[in-house]
>>> print(open('my_file_29.cif').read())   # mmCIF, C-alpha atoms
data_input
#
loop_
_atom_site.label_atom_id
_atom_site.label_comp_id
_atom_site.auth_asym_id
_atom_site.auth_seq_id
_atom_site.Cartn_x
_atom_site.Cartn_y
_atom_site.Cartn_z
CA MET A 1 -88.05 5.85 102.23
CA SER A 2 -88.32 6.24 98.48
CA SER A 3 -91.45 8.40 98.32
CA SER A 4 -90.91 12.12 97.90
CA ARG A 5 -93.80 12.84 100.25
CA ARG A 6 -93.38 13.00 104.00
CA PRO A 7 -95.24 10.36 106.02
CA TYR A 8 -98.80 10.93 107.17
CA LEU A 9 -98.67 11.05 110.99
CA ILE A 10 -101.67 9.86 112.99
CA GLY A 11 -102.14 10.05 116.75
CA ILE A 12 -104.49 7.62 118.49
CA THR A 13 -105.33 8.04 122.16
CA GLY A 14 -108.04 6.99 124.59
CA GLY A 15 -108.46 5.91 128.18
CA SER A 16 -107.35 2.65 129.72
CA ALA A 17 -109.35 -0.30 128.35
CA SER A 18 -111.01 1.88 125.73
CA GLY A 19 -109.90 -0.62 123.09
CA LYS A 20 -106.80 1.05 121.61
CA THR A 21 -104.79 -2.17 121.42
CA HIS A 22 -107.59 -4.14 119.76
CA PHE A 23 -108.18 -1.31 117.29
CA LEU A 24 -104.47 -1.08 116.40
CA ASN A 25 -104.17 -4.85 116.02
CA SER A 26 -107.11 -4.71 113.61
CA LEU A 27 -105.30 -2.04 111.57
CA ARG A 28 -102.15 -4.18 111.57
CA SER A 29 -104.13 -7.04 110.04
CA ILE A 30 -105.26 -4.80 107.16
CA PHE A 31 -102.01 -3.06 106.22
CA SER A 32 -98.47 -4.31 105.72
CA GLU A 33 -95.43 -3.06 107.65
CA SER A 34 -94.23 -1.34 104.49
CA GLU A 35 -97.47 0.66 104.41
CA VAL A 36 -98.05 1.49 108.07
CA CYS A 37 -95.66 1.81 111.01
CA ILE A 38 -97.20 1.72 114.50
CA ILE A 39 -95.22 3.03 117.46
CA SER A 40 -96.46 3.07 121.04
CA GLN A 41 -95.88 5.34 124.00
CA ASP A 42 -95.78 2.15 126.12
CA ASN A 43 -92.11 1.58 125.31
CA TYR A 44 -91.16 5.03 126.61
CA TYR A 45 -91.98 4.47 130.28
CA LYS A 46 -89.18 5.55 132.59
CA THR A 47 -87.43 3.14 134.95
CA ALA A 48 -89.29 2.17 138.13
CA PHE A 49 -87.19 4.26 140.52
CA GLU A 50 -88.20 7.41 138.59
CA HIS A 51 -91.93 6.85 139.10
CA LYS A 52 -93.97 8.67 141.71
CA ARG A 53 -95.75 6.73 144.44
CA ASP A 54 -99.09 7.58 145.96
CA GLU A 55 -99.80 8.04 149.67
CA ASN A 56 -100.00 4.26 150.10
CA GLY A 57 -96.67 3.61 148.42
CA HIS A 58 -98.03 2.29 145.12
CA ILE A 59 -96.45 3.40 141.84
CA ASN A 60 -98.84 5.51 139.79
CA PHE A 61 -98.19 4.60 136.15
CA ASP A 62 -101.03 6.86 134.99
CA LEU A 63 -99.14 10.15 135.06
CA PRO A 64 -97.44 11.92 132.14
CA ASP A 65 -94.25 12.16 134.22
CA CYS A 66 -93.93 8.36 134.04
CA VAL A 67 -93.23 8.56 130.31
CA ASP A 68 -90.29 10.06 128.43
CA LEU A 69 -92.58 12.09 126.19
CA HIS A 70 -89.74 14.30 124.97
CA GLN A 71 -87.84 11.32 123.55
CA PHE A 72 -91.07 9.97 122.06
CA ALA A 73 -91.54 13.30 120.28
CA ILE A 74 -87.97 13.15 118.97
CA ASP A 75 -88.43 9.62 117.63
CA ILE A 76 -91.74 10.47 115.96
CA ALA A 77 -90.02 13.38 114.23
CA LYS A 78 -87.26 11.01 113.07
CA LEU A 79 -89.82 8.65 111.54
CA GLY A 80 -91.43 11.67 109.92
CA ARG A 81 -88.10 12.45 108.26
CA GLY A 82 -87.83 8.90 106.97
CA GLU A 83 -85.32 7.70 109.58
CA LYS A 84 -85.35 4.38 111.43
CA VAL A 85 -85.98 4.30 115.20
CA GLU A 86 -84.76 1.69 117.68
CA ARG A 87 -86.18 1.39 121.19
CA GLU A 88 -85.91 -1.16 123.98
CA GLU A 89 -89.16 -2.93 124.74
CA TYR A 90 -90.68 -2.00 128.10
CA LEU A 91 -91.84 -5.02 130.09
CA PHE A 92 -94.77 -3.98 132.26
CA GLN A 93 -94.88 -7.16 134.31
CA HIS A 94 -91.10 -7.15 134.71
CA TYR A 95 -90.12 -3.48 134.49
CA ASP A 96 -86.86 -4.20 136.31
CA LYS A 97 -85.70 -6.38 133.40
CA LYS A 98 -84.39 -5.41 129.98
CA GLY A 99 -86.60 -6.05 126.99
CA LYS A 100 -85.63 -6.84 123.42
CA MET A 101 -84.69 -4.10 120.98
CA LEU A 102 -87.57 -3.02 118.77
CA GLU A 103 -87.08 -1.54 115.31
CA PHE A 104 -89.50 0.93 113.76
CA ASN A 105 -89.03 1.59 110.07
CA PRO A 106 -90.45 4.61 108.25
CA ALA A 107 -93.55 4.06 106.15
CA PRO A 108 -96.00 6.26 104.23
CA ILE A 109 -98.27 6.21 107.31
CA ILE A 110 -96.97 6.49 110.88
CA ILE A 111 -99.44 5.73 113.68
CA CYS A 112 -98.52 6.80 117.21
CA GLU A 113 -100.59 5.64 120.17
CA GLY A 114 -100.58 6.32 123.87
CA LEU A 115 -102.35 7.83 126.83
CA PHE A 116 -100.57 11.18 126.87
CA ILE A 117 -99.75 11.91 123.24
CA PHE A 118 -102.36 14.68 123.01
CA TYR A 119 -101.38 16.16 126.37
CA GLU A 120 -97.79 16.78 125.23
CA PRO A 121 -97.74 19.67 122.69
CA GLU A 122 -94.37 18.55 121.28
CA ILE A 123 -96.10 15.36 120.14
CA PHE A 124 -99.63 16.64 119.48
CA GLU A 125 -98.51 19.30 117.00
CA GLN A 126 -96.85 16.72 114.74
CA PHE A 127 -100.06 14.86 113.90
CA HIS A 128 -101.94 15.31 110.65
CA LEU A 129 -104.89 13.28 112.01
CA LYS A 130 -105.92 12.96 115.66
CA ILE A 131 -108.15 10.08 116.80
CA PHE A 132 -109.73 9.59 120.22
CA ILE A 133 -111.10 6.16 121.14
CA ASN A 134 -113.85 6.55 123.70
CA ALA A 135 -115.67 4.08 125.95
CA ASP A 136 -118.03 4.57 128.86
CA GLU A 137 -116.18 4.44 132.18
CA GLU A 138 -118.16 1.48 133.51
CA ILE A 139 -117.54 -0.55 130.35
CA ALA A 140 -113.85 0.33 130.39
CA LEU A 141 -113.58 -0.72 134.05
CA ASN A 142 -115.18 -4.09 133.34
CA ARG A 143 -112.76 -4.64 130.45
CA ARG A 144 -109.79 -3.73 132.63
CA LEU A 145 -110.95 -6.10 135.36
CA VAL A 146 -111.17 -8.97 132.88
CA ARG A 147 -107.77 -8.13 131.38
CA ASP A 148 -105.81 -7.55 134.57
CA VAL A 149 -107.34 -10.28 136.71
CA ALA A 150 -107.54 -13.02 134.08
CA GLU A 151 -104.57 -12.19 131.87
CA ARG A 152 -102.13 -10.41 134.20
CA ASN A 153 -102.94 -12.21 137.47
CA ILE A 154 -103.55 -8.96 139.39
CA GLU A 155 -105.81 -9.04 142.44
CA GLU A 156 -109.25 -7.57 141.74
CA ASP A 157 -109.08 -5.29 144.79
CA PHE A 158 -105.87 -3.73 143.52
CA VAL A 159 -107.31 -3.26 140.02
CA LEU A 160 -110.20 -1.37 141.58
CA TYR A 161 -107.78 0.63 143.74
CA GLN A 162 -105.75 1.68 140.70
CA TRP A 163 -108.91 2.54 138.79
CA LYS A 164 -110.23 4.80 141.53
CA HIS A 165 -106.98 6.47 142.61
CA HIS A 166 -104.84 6.45 139.46
CA VAL A 167 -106.67 5.67 136.24
CA LEU A 168 -109.83 7.77 136.50
CA PRO A 169 -108.22 10.93 137.95
CA SER A 170 -105.53 10.83 135.25
CA TYR A 171 -108.06 10.20 132.47
CA ARG A 172 -110.21 13.12 133.53
CA GLN A 173 -107.24 15.48 133.87
CA PHE A 174 -104.88 14.49 131.07
CA LEU A 175 -107.02 12.82 128.39
CA LEU A 176 -110.68 13.79 128.49
CA PRO A 177 -110.09 17.54 127.91
CA PHE A 178 -108.41 16.70 124.60
CA MET A 179 -111.26 14.64 123.16
CA ALA A 180 -112.75 17.87 121.78
CA LYS A 181 -109.51 18.48 119.85
CA ALA A 182 -109.67 15.15 118.02
CA ASP A 183 -110.49 15.01 114.31
CA LEU A 184 -112.24 11.67 114.76
CA ILE A 185 -113.90 10.21 117.86
CA ILE A 186 -114.45 6.46 117.81
CA ASN A 187 -117.05 5.24 120.31
CA ASN A 188 -116.11 1.73 121.32
CA ASN A 189 -118.74 0.64 123.80
CA VAL A 190 -119.82 -2.33 121.67
CA HIS A 191 -117.70 -2.46 118.50
CA PHE A 192 -115.69 -0.24 116.20
CA GLY A 193 -116.20 -2.05 112.90
CA HIS A 194 -117.72 0.87 111.01
CA SER A 195 -115.09 3.35 112.26
CA LEU A 196 -112.32 0.91 111.36
CA GLY A 197 -113.70 0.69 107.85
CA VAL A 198 -113.90 4.47 107.48
CA LEU A 199 -110.33 4.94 108.68
CA SER A 200 -109.02 2.07 106.54
CA ASP A 201 -110.60 3.58 103.43
CA HIS A 202 -109.05 6.94 104.28
CA LEU A 203 -105.60 5.40 104.76
CA ARG A 204 -105.90 3.32 101.57
CA LYS A 205 -106.70 6.49 99.62
CA HIS A 206 -103.69 8.22 101.14
CA LEU A 207 -101.45 5.28 100.19
CA GLN A 208 -102.71 5.42 96.63
CA GLU A 209 -101.98 9.14 96.45
CA ALA A 210 -98.51 8.63 97.94
CA ASP A 211 -97.80 5.85 95.43
CA SER A 212 -98.84 8.08 92.52
CA VAL A 213 -95.98 10.50 93.31
CA ARG A 214 -93.41 7.79 94.04
CA PRO A 215 -90.40 8.17 91.73
CA TYR A 216 -89.58 5.19 89.53
#
>>> encode(input="my_file_29.cif", output="structure tokens")
Amino acid sequence: MSSSRRPYLIGITGGSASGKTHFLNSLRSIFSESEVCIISQDNYYKTAFEHKRDENGHINFDLPDCVDLHQFAIDIAKLGRGEKVEREEYLFQHYDKKGKMLEFNPAPIIICEGLFIFYEPEIFEQFHLKIFINADEEIALNRRLVRDVAERNIEEDFVLYQWKHHVLPSYRQFLLPFMAKADLIINNNVHFGHSLGVLSDHLRKHLQEADSVRPY
């Protein structure tokens, strides 16, 4: 990376179906890959045999232990030093198969997203800006039902089972306590258009400042 300034690291978290993916895709449509690099905790899930199962034998993916948070912290630090990161894509529907290799290139702004990135101090302490995307539990559940039943072909009863036994307990233990530590809380019950505009303006200003110190 040619700029003499270190990248601006942003952490974005929020509960399941809070709208993180939609928000990040909206940011991607505004900024180029040379301006913003987005890296997700989703590609750091451990292999299936390492996951814990609940009392009914179902894998609980909503636990910090399911994710290699230490390696995620290492890779974020590498991007912060201007180094490239490669990571194999994690296939949620086919987690027993190998995904393609993903390449994350350093940029003036690095955005990291995931459920447990605030819970892990090794990751949390690297962020210059911390964002929490929030949605009412009932709204988030309805969104998850639509997503998992319609798009992922998961039985509705099992979606509700996961929500009650995995998703909500994890959210309340590992995410919700950290909302108070966020620099910016984005309420996404209806839309996030205004918040997206505020953040985009902030990032554009940072890019302009970074460009002003770029050596030529």
>>> closest_residue(input="my_file_29.cif", among="A:Ile76, A:Leu196, A:Val190, A:Leu27", to="Ser40 in chain A", atoms="only C-alpha atoms")
A:Ile76
>>> residues_near_point(input="my_file_29.cif", point="(-104.7, 10.0, 142.7)", cutoff="12 Å", atoms="all atoms listed in the file", output="PDB file with C-alpha atoms, in the frame of the given file")
ATOM      1  CA  LYS A  52     -93.970   8.670 141.710  1.00  0.00           C
ATOM      2  CA  ARG A  53     -95.750   6.730 144.440  1.00  0.00           C
ATOM      3  CA  ASP A  54     -99.090   7.580 145.960  1.00  0.00           C
ATOM      4  CA  GLU A  55     -99.800   8.040 149.670  1.00  0.00           C
ATOM      5  CA  ASN A  56    -100.000   4.260 150.100  1.00  0.00           C
ATOM      6  CA  GLY A  57     -96.670   3.610 148.420  1.00  0.00           C
ATOM      7  CA  HIS A  58     -98.030   2.290 145.120  1.00  0.00           C
ATOM      8  CA  ILE A  59     -96.450   3.400 141.840  1.00  0.00           C
ATOM      9  CA  ASN A  60     -98.840   5.510 139.790  1.00  0.00           C
ATOM     10  CA  PHE A  61     -98.190   4.600 136.150  1.00  0.00           C
ATOM     11  CA  ASP A  62    -101.030   6.860 134.990  1.00  0.00           C
ATOM     12  CA  LEU A  63     -99.140  10.150 135.060  1.00  0.00           C
ATOM     13  CA  TYR A 161    -107.780   0.630 143.740  1.00  0.00           C
ATOM     14  CA  GLN A 162    -105.750   1.680 140.700  1.00  0.00           C
ATOM     15  CA  TRP A 163    -108.910   2.540 138.790  1.00  0.00           C
ATOM     16  CA  LYS A 164    -110.230   4.800 141.530  1.00  0.00           C
ATOM     17  CA  HIS A 165    -106.980   6.470 142.610  1.00  0.00           C
ATOM     18  CA  HIS A 166    -104.840   6.450 139.460  1.00  0.00           C
ATOM     19  CA  VAL A 167    -106.670   5.670 136.240  1.00  0.00           C
ATOM     20  CA  LEU A 168    -109.830   7.770 136.500  1.00  0.00           C
ATOM     21  CA  PRO A 169    -108.220  10.930 137.950  1.00  0.00           C
ATOM     22  CA  SER A 170    -105.530  10.830 135.250  1.00  0.00           C
ATOM     23  CA  TYR A 171    -108.060  10.200 132.470  1.00  0.00           C
ATOM     24  CA  ARG A 172    -110.210  13.120 133.530  1.00  0.00           C
ATOM     25  CA  GLN A 173    -107.240  15.480 133.870  1.00  0.00           C
TER      26      GLN A 173
END
>>> resolve_selection(input="my_file_29.cif", expression="the PyMOL selection byres ((chain A and resi 136) around 9)", output="list in words")
Ser18, Asn134, Ala135, Glu137, Glu138, Ile139, Ala140, Leu141, Asn187, Asn188 and Asn189 of chain A
>>> atom_distance(input="my_file_29.cif", atom1="CA of Glu113 in chain A", atom2="CA of Thr47 in chain A")
19.9 Å
>>> closest_residue(input="my_file_29.cif", among="A:Leu176, A:Val36, A:Ile123, A:Val85", to="Leu207 in chain A", atoms="all atoms listed in the file")
A:Val36
>>> closest_residue(input="my_file_29.cif", among="A:Ile38, A:Arg143, A:Tyr119, A:His70", to="Ser26 in chain A", atoms="all atoms listed in the file")
A:Ile38
>>> atom_distance(input="my_file_29.cif", atom1="CA of Leu9 in chain A", atom2="CA of Pro108 in chain A")
8.7 Å
>>> decode(input="my_file_29.cif", residues="range 67-187 of chain A", atoms="C-alpha atoms", output="PDB file, in the first residue's frame")
ATOM      1  CA  VAL A  67     -14.743 -19.504  14.999  1.00  0.00           C
ATOM      2  CA  ASP A  68     -10.958 -19.243  14.799  1.00  0.00           C
ATOM      3  CA  LEU A  69     -10.984 -15.756  16.275  1.00  0.00           C
ATOM      4  CA  HIS A  70      -7.247 -15.829  16.985  1.00  0.00           C
ATOM      5  CA  GLN A  71      -6.418 -16.324  13.298  1.00  0.00           C
ATOM      6  CA  PHE A  72      -8.950 -13.656  12.363  1.00  0.00           C
ATOM      7  CA  ALA A  73      -7.153 -11.246  14.701  1.00  0.00           C
ATOM      8  CA  ILE A  74      -3.809 -12.136  13.106  1.00  0.00           C
ATOM      9  CA  ASP A  75      -5.134 -11.543   9.589  1.00  0.00           C
ATOM     10  CA  ILE A  76      -6.724  -8.219  10.533  1.00  0.00           C
ATOM     11  CA  ALA A  77      -3.365  -7.123  11.939  1.00  0.00           C
ATOM     12  CA  LYS A  78      -1.696  -8.163   8.672  1.00  0.00           C
ATOM     13  CA  LEU A  79      -4.109  -6.034   6.660  1.00  0.00           C
ATOM     14  CA  GLY A  80      -3.423  -3.206   9.086  1.00  0.00           C
ATOM     15  CA  ARG A  81       0.270  -3.493   8.230  1.00  0.00           C
ATOM     16  CA  GLY A  82      -0.504  -3.334   4.522  1.00  0.00           C
ATOM     17  CA  GLU A  83      -0.101  -7.076   3.861  1.00  0.00           C
ATOM     18  CA  LYS A  84      -2.334  -9.265   1.701  1.00  0.00           C
ATOM     19  CA  VAL A  85      -4.444 -12.008   3.303  1.00  0.00           C
ATOM     20  CA  GLU A  86      -5.634 -15.241   1.693  1.00  0.00           C
ATOM     21  CA  ARG A  87      -8.369 -17.396   3.201  1.00  0.00           C
ATOM     22  CA  GLU A  88     -10.414 -20.352   2.012  1.00  0.00           C
ATOM     23  CA  GLU A  89     -14.095 -19.594   1.614  1.00  0.00           C
ATOM     24  CA  TYR A  90     -16.314 -21.311   4.176  1.00  0.00           C
ATOM     25  CA  LEU A  91     -19.375 -22.949   2.634  1.00  0.00           C
ATOM     26  CA  PHE A  92     -22.185 -22.906   5.179  1.00  0.00           C
ATOM     27  CA  GLN A  93     -24.498 -25.194   3.242  1.00  0.00           C
ATOM     28  CA  HIS A  94     -21.630 -27.555   2.420  1.00  0.00           C
ATOM     29  CA  TYR A  95     -19.181 -27.129   5.292  1.00  0.00           C
ATOM     30  CA  ASP A  96     -17.645 -30.530   4.539  1.00  0.00           C
ATOM     31  CA  LYS A  97     -16.437 -29.245   1.151  1.00  0.00           C
ATOM     32  CA  LYS A  98     -13.542 -26.960   0.287  1.00  0.00           C
ATOM     33  CA  GLY A  99     -14.333 -23.470  -0.894  1.00  0.00           C
ATOM     34  CA  LYS A 100     -12.395 -21.253  -3.266  1.00  0.00           C
ATOM     35  CA  MET A 101      -9.444 -19.192  -2.088  1.00  0.00           C
ATOM     36  CA  LEU A 102     -10.355 -15.606  -1.276  1.00  0.00           C
ATOM     37  CA  GLU A 103      -7.882 -12.746  -1.488  1.00  0.00           C
ATOM     38  CA  PHE A 104      -8.108  -9.647   0.694  1.00  0.00           C
ATOM     39  CA  ASN A 105      -5.905  -6.761  -0.336  1.00  0.00           C
ATOM     40  CA  PRO A 106      -4.981  -3.870   1.961  1.00  0.00           C
ATOM     41  CA  ALA A 107      -6.812  -0.600   1.446  1.00  0.00           C
ATOM     42  CA  PRO A 108      -7.023   2.751   3.243  1.00  0.00           C
ATOM     43  CA  ILE A 109     -10.147   1.462   5.036  1.00  0.00           C
ATOM     44  CA  ILE A 110     -10.485  -2.094   6.373  1.00  0.00           C
ATOM     45  CA  ILE A 111     -13.956  -3.201   7.471  1.00  0.00           C
ATOM     46  CA  CYS A 112     -14.246  -6.343   9.586  1.00  0.00           C
ATOM     47  CA  GLU A 113     -17.638  -7.884  10.294  1.00  0.00           C
ATOM     48  CA  GLY A 114     -18.889 -10.762  12.380  1.00  0.00           C
ATOM     49  CA  LEU A 115     -20.895 -11.895  15.356  1.00  0.00           C
ATOM     50  CA  PHE A 116     -18.050 -12.184  17.841  1.00  0.00           C
ATOM     51  CA  ILE A 117     -15.558  -9.518  16.814  1.00  0.00           C
ATOM     52  CA  PHE A 118     -16.357  -7.330  19.834  1.00  0.00           C
ATOM     53  CA  TYR A 119     -16.341 -10.284  22.228  1.00  0.00           C
ATOM     54  CA  GLU A 120     -12.727 -11.173  21.370  1.00  0.00           C
ATOM     55  CA  PRO A 121     -10.379  -8.519  22.883  1.00  0.00           C
ATOM     56  CA  GLU A 122      -7.576  -9.422  20.447  1.00  0.00           C
ATOM     57  CA  ILE A 123      -9.852  -8.236  17.640  1.00  0.00           C
ATOM     58  CA  PHE A 124     -11.849  -5.522  19.423  1.00  0.00           C
ATOM     59  CA  GLU A 125      -8.772  -3.542  20.473  1.00  0.00           C
ATOM     60  CA  GLN A 126      -7.606  -3.143  16.862  1.00  0.00           C
ATOM     61  CA  PHE A 127     -10.622  -1.117  15.740  1.00  0.00           C
ATOM     62  CA  HIS A 128     -10.570   2.633  15.321  1.00  0.00           C
ATOM     63  CA  LEU A 129     -14.369   2.698  14.861  1.00  0.00           C
ATOM     64  CA  LYS A 130     -16.859   0.212  16.309  1.00  0.00           C
ATOM     65  CA  ILE A 131     -20.364  -0.119  14.831  1.00  0.00           C
ATOM     66  CA  PHE A 132     -23.268  -2.159  16.184  1.00  0.00           C
ATOM     67  CA  ILE A 133     -26.224  -2.887  13.897  1.00  0.00           C
ATOM     68  CA  ASN A 134     -29.333  -3.408  15.985  1.00  0.00           C
ATOM     69  CA  ALA A 135     -32.787  -4.778  15.191  1.00  0.00           C
ATOM     70  CA  ASP A 136     -35.685  -5.772  17.415  1.00  0.00           C
ATOM     71  CA  GLU A 137     -35.653  -9.499  18.146  1.00  0.00           C
ATOM     72  CA  GLU A 138     -39.067 -10.143  16.601  1.00  0.00           C
ATOM     73  CA  ILE A 139     -38.120  -8.327  13.391  1.00  0.00           C
ATOM     74  CA  ALA A 140     -34.805 -10.175  13.206  1.00  0.00           C
ATOM     75  CA  LEU A 141     -36.572 -13.522  13.690  1.00  0.00           C
ATOM     76  CA  ASN A 142     -39.004 -12.786  10.856  1.00  0.00           C
ATOM     77  CA  ARG A 143     -36.097 -11.852   8.589  1.00  0.00           C
ATOM     78  CA  ARG A 144     -34.244 -15.042   9.486  1.00  0.00           C
ATOM     79  CA  LEU A 145     -37.337 -17.141   8.795  1.00  0.00           C
ATOM     80  CA  VAL A 146     -37.705 -15.607   5.337  1.00  0.00           C
ATOM     81  CA  ARG A 147     -33.994 -16.044   4.592  1.00  0.00           C
ATOM     82  CA  ASP A 148     -33.519 -19.582   5.866  1.00  0.00           C
ATOM     83  CA  VAL A 149     -36.809 -21.082   4.722  1.00  0.00           C
ATOM     84  CA  ALA A 150     -37.048 -19.400   1.317  1.00  0.00           C
ATOM     85  CA  GLU A 151     -33.385 -19.029   0.383  1.00  0.00           C
ATOM     86  CA  ARG A 152     -31.652 -21.875   2.240  1.00  0.00           C
ATOM     87  CA  ASN A 153     -34.440 -24.478   2.187  1.00  0.00           C
ATOM     88  CA  ILE A 154     -34.332 -25.029   5.965  1.00  0.00           C
ATOM     89  CA  GLU A 155     -37.449 -26.308   7.709  1.00  0.00           C
ATOM     90  CA  GLU A 156     -39.283 -23.571   9.621  1.00  0.00           C
ATOM     91  CA  ASP A 157     -39.438 -25.667  12.801  1.00  0.00           C
ATOM     92  CA  PHE A 158     -35.668 -26.037  12.816  1.00  0.00           C
ATOM     93  CA  VAL A 159     -35.152 -22.307  12.205  1.00  0.00           C
ATOM     94  CA  LEU A 160     -37.311 -21.618  15.249  1.00  0.00           C
ATOM     95  CA  TYR A 161     -35.417 -24.262  17.245  1.00  0.00           C
ATOM     96  CA  GLN A 162     -32.067 -22.655  16.407  1.00  0.00           C
ATOM     97  CA  TRP A 163     -33.424 -19.218  17.223  1.00  0.00           C
ATOM     98  CA  LYS A 164     -34.654 -20.252  20.657  1.00  0.00           C
ATOM     99  CA  HIS A 165     -31.793 -22.545  21.701  1.00  0.00           C
ATOM    100  CA  HIS A 166     -28.768 -21.141  19.859  1.00  0.00           C
ATOM    101  CA  VAL A 167     -29.221 -17.684  18.361  1.00  0.00           C
ATOM    102  CA  LEU A 168     -30.952 -15.747  21.142  1.00  0.00           C
ATOM    103  CA  PRO A 169     -28.906 -17.133  24.075  1.00  0.00           C
ATOM    104  CA  SER A 170     -25.677 -16.402  22.192  1.00  0.00           C
ATOM    105  CA  TYR A 171     -26.804 -12.909  21.188  1.00  0.00           C
ATOM    106  CA  ARG A 172     -27.712 -11.997  24.744  1.00  0.00           C
ATOM    107  CA  GLN A 173     -24.462 -13.383  26.174  1.00  0.00           C
ATOM    108  CA  PHE A 174     -21.830 -12.581  23.561  1.00  0.00           C
ATOM    109  CA  LEU A 175     -23.136  -9.589  21.586  1.00  0.00           C
ATOM    110  CA  LEU A 176     -25.687  -7.494  23.435  1.00  0.00           C
ATOM    111  CA  PRO A 177     -23.359  -6.550  26.341  1.00  0.00           C
ATOM    112  CA  PHE A 178     -20.989  -4.932  23.835  1.00  0.00           C
ATOM    113  CA  MET A 179     -23.548  -2.655  22.194  1.00  0.00           C
ATOM    114  CA  ALA A 180     -22.782  -0.051  24.866  1.00  0.00           C
ATOM    115  CA  LYS A 181     -19.119  -0.092  23.773  1.00  0.00           C
ATOM    116  CA  ALA A 182     -19.913   0.775  20.163  1.00  0.00           C
ATOM    117  CA  ASP A 183     -19.068   4.210  18.771  1.00  0.00           C
ATOM    118  CA  LEU A 184     -22.092   4.085  16.476  1.00  0.00           C
ATOM    119  CA  ILE A 185     -25.350   2.147  16.868  1.00  0.00           C
ATOM    120  CA  ILE A 186     -27.377   1.695  13.700  1.00  0.00           C
ATOM    121  CA  ASN A 187     -31.028   0.810  14.316  1.00  0.00           C
TER     122      ASN A 187
END
